[in-house]
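Undergrad: Below you'll find the structure I mean.
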Amino acid sequence: MKKMKSKLGLIFALCGTITLSSAFAAPGLKMAEETNPNPIIAPIKTDEPTSYRINQLEDIAMHYYWHGGDLKQAEEEIFKGITLKGKYDVVEAAYNEAVNLDPYDLDLKFSLASTQIIQKKIPEALKTYQQILNLDPDNYNAHLLYGVYSKVNGDEKAYKSTISNLKRLDAHKTNEYLEKFSATEAIMKSTLNTKVPENLPQNNHAIVILGYALSDDGTMREPLIERLKAGLAAATKYPNSKIIVTGGVPKQGNTEAKLMKEWLISKGIAEKRILTEDKSTDTVENALFATAILEKEGLKDVTLVTSASHMRRALTIFTEASNFYDKMNAKNSNRAFTNVVYLDYPTIEEAHKVTKDETLVIYRDLIRSFGIWQYPDKQR
């Protein structure tokens with residue numbers, strides 16, 4: 001059953017009572033944050049419908065996921081007895097409580113497990129996925145997630161067992177996923193280029209520069225400027241290539257893409273070369289929305305530009321986004337991806353080492369690129 005969507009404010013407290021922001025005028029999370037970043041919390045009776053309380057818990061989870069908030073207030077007034085060290089602790093606590101209120105709702109369990117993965121709590125997430133499988137033994141996505149994160153955690157036996165279960169449920173789809181996993185393993189062995197490669201395509205080629213969150217005052221931070229410098233080098237060497245700048249989270253009226261375009265123009269790049277992707281909120285959306293631009297503009301091949309620590313994840317996600325568009329449009333673009341990195345490691349040798357934490361994030365975002373949302377109906 002589709003959940004009843006919350007129509008009231010965001011902030012509430014739950015400790016025998018539920019509390020809600022007093023501002024009915026705020027018609028959404030962002031407005032509530034901008035108009036009243038520290039709202040007064042007022043109690044609500046605990047005889048509110050369960051669906052209402054769960055909606056409020058999900059609202060607070062998504063607010064902290066995106067914006068953070070006053071941890072001390074959340075600790076004292078929302079989740080008494082729980083020590084909160086960061087915003088994802090609040091998200092996890094909110095979904096824990098929501099799961100307790102409705103233990104039948106598997107989407108809530110998926111959301112809880114996703115938060116545990118974000119915090120690198122793999123054993124806890126595996127336990128949550130196992131609960132889903134105990135209740136729904138043929139849940140394909142639960143098997144998939146359990147298997148992938150078992151593999152990341154070094155449990156090959158559990159991974160192989162899960163693949164067998166997945167093939168039993170849908171052999172064709174499972175084989176498609178196994179091909180994607182193999183491609184991802186190959187990408188993780190990619191050579192990272194600190195200099196612009198030779199012999200890149202002269203036509204139908206795009207240089208895609210990935211954004212980086214702006215400072216609170218709406219200015220670009222060092223990693224973004226360094227990515228732009230690397231992108232500028234590529235754009236200068238290949239003057240026929242289009243440039244796509246990405247990033248849409250606004251700060252003080254600016255988006256990453258807007259400031260990136262202005263910076264490139266100030267360095268002598270013609271405005272007509274620059275295409276703007278200013279709707280994305282993360283790397284998965286960078287890939288989906290930039291690929292839509294590539295398709296519209298008839299641009300075949302891509303040179304990705306980002307930080308070395310981000311490149312393997314970006315290549316994985318952009319490859320999957322390109323494959324998705326090919327499948328959707330029933331074609332084979334044979335799109336080739338190359339890379340130029342800003343070296344954010346002490347040495348290039350260190351940059352080529354793939355850690356367990358990076359592997360976890362790569363597979364997490366690959367799964368999101370499959371269209372499996374982290375937080376069902378809430379966040380991709």
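Every chain in the structure tokens has a letter given in the order shown (A, B, ...), and although residue numbers restart at 1 in each chain, ligands are simply numbered from 1 in the order shown.
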Would you pick out the contacts of A:Gly147 at 10 Å or less, using only C-alpha atoms, so that residues sharing its chain but fewer than 3 positions from it are not included, and give the list as a PyMOL selection string?
TA: chain A and resi 126+129+141-144+150-153+155-163+165-166
Undergrad: What residues in stretch 127-303 of chain A get the DSSP label alpha helix (DSSP H)? Please answer as a PyMOL selection string.
TA: chain A and resi 127-135+140-152+156-169+171-187+222-237+256-266+283-297
Undergrad: Which residue out of A:Asn323, A:Thr291, A:Gln374, A:Thr194 has the minimum interatomic distance to A:Val340 when only C-alpha atoms are used?
TA: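 Using only C-alpha atoms, A:Val340 sits closest to A:Thr194.
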Undergrad: With only C-alpha atoms as the counted atoms, please give the residues lying no more than 12 Å from A:Lys121, apart from itself and same-chain residues fewer than 5 positions off, as number ranges by chain.
TA: A: 88-89, 92, 112-116, 126-128, 149-150, 152-153, 357, 360
Undergrad: Let's have the selection written as a compact mmCIF listing (two decimals), in the first residue's frame, with N, CA, C and O atoms.
TA:
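Generated output (out.txt):
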```txt
# COMPACT_ATOMS: atom_id res chain seq x y z
N TYR A 88 24.16 10.85 10.24
CA TYR A 88 23.66 9.54 9.84
C TYR A 88 23.25 8.70 11.05
O TYR A 88 22.45 7.77 10.91
N ASP A 89 23.78 9.03 12.22
CA ASP A 89 23.27 8.39 13.44
C ASP A 89 21.80 8.74 13.64
O ASP A 89 21.01 7.90 14.08
N GLU A 92 19.78 6.74 11.07
CA GLU A 92 19.66 5.34 11.49
C GLU A 92 18.68 5.20 12.65
O GLU A 92 17.84 4.28 12.67
N LEU A 112 16.76 1.30 6.46
CA LEU A 112 17.65 1.13 7.61
C LEU A 112 18.98 0.50 7.17
O LEU A 112 20.06 0.98 7.54
N ALA A 113 18.91 -0.54 6.35
CA ALA A 113 20.13 -1.20 5.88
C ALA A 113 20.98 -0.24 5.06
O ALA A 113 22.22 -0.23 5.18
N SER A 114 20.36 0.60 4.24
CA SER A 114 21.11 1.57 3.43
C SER A 114 21.88 2.53 4.33
O SER A 114 23.02 2.88 4.04
N THR A 115 21.24 2.97 5.41
CA THR A 115 21.92 3.88 6.34
C THR A 115 23.09 3.18 7.01
O THR A 115 24.15 3.78 7.24
N GLN A 116 22.93 1.92 7.32
CA GLN A 116 24.03 1.15 7.91
C GLN A 116 25.18 1.01 6.92
O GLN A 116 26.35 1.11 7.31
N LEU A 126 23.96 -6.48 6.78
CA LEU A 126 23.70 -7.86 6.36
C LEU A 126 22.63 -8.51 7.23
O LEU A 126 21.78 -9.26 6.74
N LYS A 127 22.66 -8.21 8.52
CA LYS A 127 21.64 -8.73 9.42
C LYS A 127 20.26 -8.20 9.04
O LYS A 127 19.26 -8.94 9.06
N THR A 128 20.19 -6.92 8.67
CA THR A 128 18.91 -6.33 8.28
C THR A 128 18.41 -6.94 6.98
O THR A 128 17.22 -7.26 6.84
N TYR A 149 27.21 -7.07 -0.68
CA TYR A 149 27.90 -6.58 0.51
C TYR A 149 28.60 -7.71 1.26
O TYR A 149 29.59 -7.45 1.97
N SER A 150 28.15 -8.94 1.09
CA SER A 150 28.91 -10.07 1.62
C SER A 150 30.26 -10.17 0.90
O SER A 150 31.30 -10.40 1.52
N VAL A 152 31.89 -7.70 -0.64
CA VAL A 152 32.72 -6.58 -0.19
C VAL A 152 33.33 -6.87 1.17
O VAL A 152 34.47 -6.51 1.46
N ASN A 153 32.57 -7.58 2.01
CA ASN A 153 33.02 -7.90 3.37
C ASN A 153 33.96 -9.11 3.40
O ASN A 153 34.36 -9.55 4.48
N ASP A 357 36.93 0.35 1.83
CA ASP A 357 35.93 1.42 1.94
C ASP A 357 35.56 1.96 0.57
O ASP A 357 34.37 2.22 0.30
N LEU A 360 33.35 -0.53 -1.22
CA LEU A 360 31.99 -0.47 -0.68
C LEU A 360 31.20 0.65 -1.35
O LEU A 360 30.05 0.46 -1.79
```
Undergrad: Would you please work out which residue, of A:Ala213, A:Asn100, A:Lys258, A:Leu264, is nearest to A:Gly231 when using only C-alpha atoms?
TA: A:Leu264
Undergrad: Which one of A:Glu185, A:Glu48, A:Asp138, A:Asp105 sits closest to A:Arg168 if you count only C-alpha atoms?
TA: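 Result for the nearest residue to A:Arg168: A:Asp138.
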Undergrad: Would you kindly return, as a PyMOL selection string, each protein, DNA or RNA residue with an atom no farther than 9 Å from any atom of A:Met188, considering only C-alpha atoms and excluding same-chain residues fewer than 6 positions away?
TA: chain A and resi 312-313+315-316+352+354+359+362
Undergrad: Please dump the current selection as a PDB file, in the first residue's frame; keep N, CA, C and O atoms.
TA:
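That gives us again_37.pdb:
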```
ATOM      1  N   ARG A 312      37.265   6.169  -9.894  1.00  0.00           N
ATOM      2  CA  ARG A 312      36.802   4.806 -10.145  1.00  0.00           C
ATOM      3  C   ARG A 312      35.289   4.693  -9.954  1.00  0.00           C
ATOM      4  O   ARG A 312      34.602   4.005 -10.714  1.00  0.00           O
ATOM      5  N   ARG A 313      34.793   5.378  -8.940  1.00  0.00           N
ATOM      6  CA  ARG A 313      33.337   5.381  -8.727  1.00  0.00           C
ATOM      7  C   ARG A 313      32.634   6.078  -9.890  1.00  0.00           C
ATOM      8  O   ARG A 313      31.618   5.600 -10.389  1.00  0.00           O
ATOM      9  N   LEU A 315      33.685   6.482 -13.040  1.00  0.00           N
ATOM     10  CA  LEU A 315      33.746   5.662 -14.252  1.00  0.00           C
ATOM     11  C   LEU A 315      32.726   4.526 -14.198  1.00  0.00           C
ATOM     12  O   LEU A 315      32.068   4.211 -15.193  1.00  0.00           O
ATOM     13  N   THR A 316      32.592   3.906 -13.023  1.00  0.00           N
ATOM     14  CA  THR A 316      31.626   2.825 -12.848  1.00  0.00           C
ATOM     15  C   THR A 316      30.207   3.304 -13.104  1.00  0.00           C
ATOM     16  O   THR A 316      29.434   2.681 -13.847  1.00  0.00           O
ATOM     17  N   HIS A 352      46.378   4.465  -6.817  1.00  0.00           N
ATOM     18  CA  HIS A 352      45.951   3.257  -7.519  1.00  0.00           C
ATOM     19  C   HIS A 352      45.579   2.108  -6.585  1.00  0.00           C
ATOM     20  O   HIS A 352      45.122   1.058  -7.053  1.00  0.00           O
ATOM     21  N   VAL A 354      43.079   0.367  -4.209  1.00  0.00           N
ATOM     22  CA  VAL A 354      41.633   0.411  -3.964  1.00  0.00           C
ATOM     23  C   VAL A 354      41.356  -0.208  -2.599  1.00  0.00           C
ATOM     24  O   VAL A 354      41.580  -1.399  -2.385  1.00  0.00           O
ATOM     25  N   THR A 359      35.781   0.317  -2.290  1.00  0.00           N
ATOM     26  CA  THR A 359      35.026  -0.747  -2.958  1.00  0.00           C
ATOM     27  C   THR A 359      33.571  -0.732  -2.507  1.00  0.00           C
ATOM     28  O   THR A 359      32.647  -0.887  -3.320  1.00  0.00           O
ATOM     29  N   ILE A 362      31.817   2.195  -4.208  1.00  0.00           N
ATOM     30  CA  ILE A 362      31.635   1.943  -5.638  1.00  0.00           C
ATOM     31  C   ILE A 362      30.444   1.027  -5.867  1.00  0.00           C
ATOM     32  O   ILE A 362      29.569   1.312  -6.700  1.00  0.00           O
TER      33      ILE A 362
END
```
Undergrad: So that I can check the secondary structure, give me every residue of stretch 184-362 of chain A assigned strand (DSSP E) by backbone DSSP, as number ranges by chain.
TA: A: 205-209, 242-246, 274-277, 301-307, 337-342
Undergrad: Compare A:Asp136, A:Glu262, A:Asp282, A:Asp344 by their minimum atom-to-atom distance to A:Gly211, counting only C-alpha atoms, and give me the closest one.
TA: A:Asp282
Undergrad: Looking at only C-alpha atoms, which of A:Leu84, A:Leu299, A:Val90, A:Leu108 is the one that sits closest to A:Trp66?
TA: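 Of A:Leu84, A:Leu299, A:Val90, A:Leu108, the one nearest A:Trp66, counting only C-alpha atoms, is A:Val90.
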Undergrad: Atom CA of A:Glu58 to atom CA of A:Lys251: how many Å, to one decimal?
TA: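 Value for the atom CA of A:Glu58-atom CA of A:Lys251 distance: 24.4 Å.
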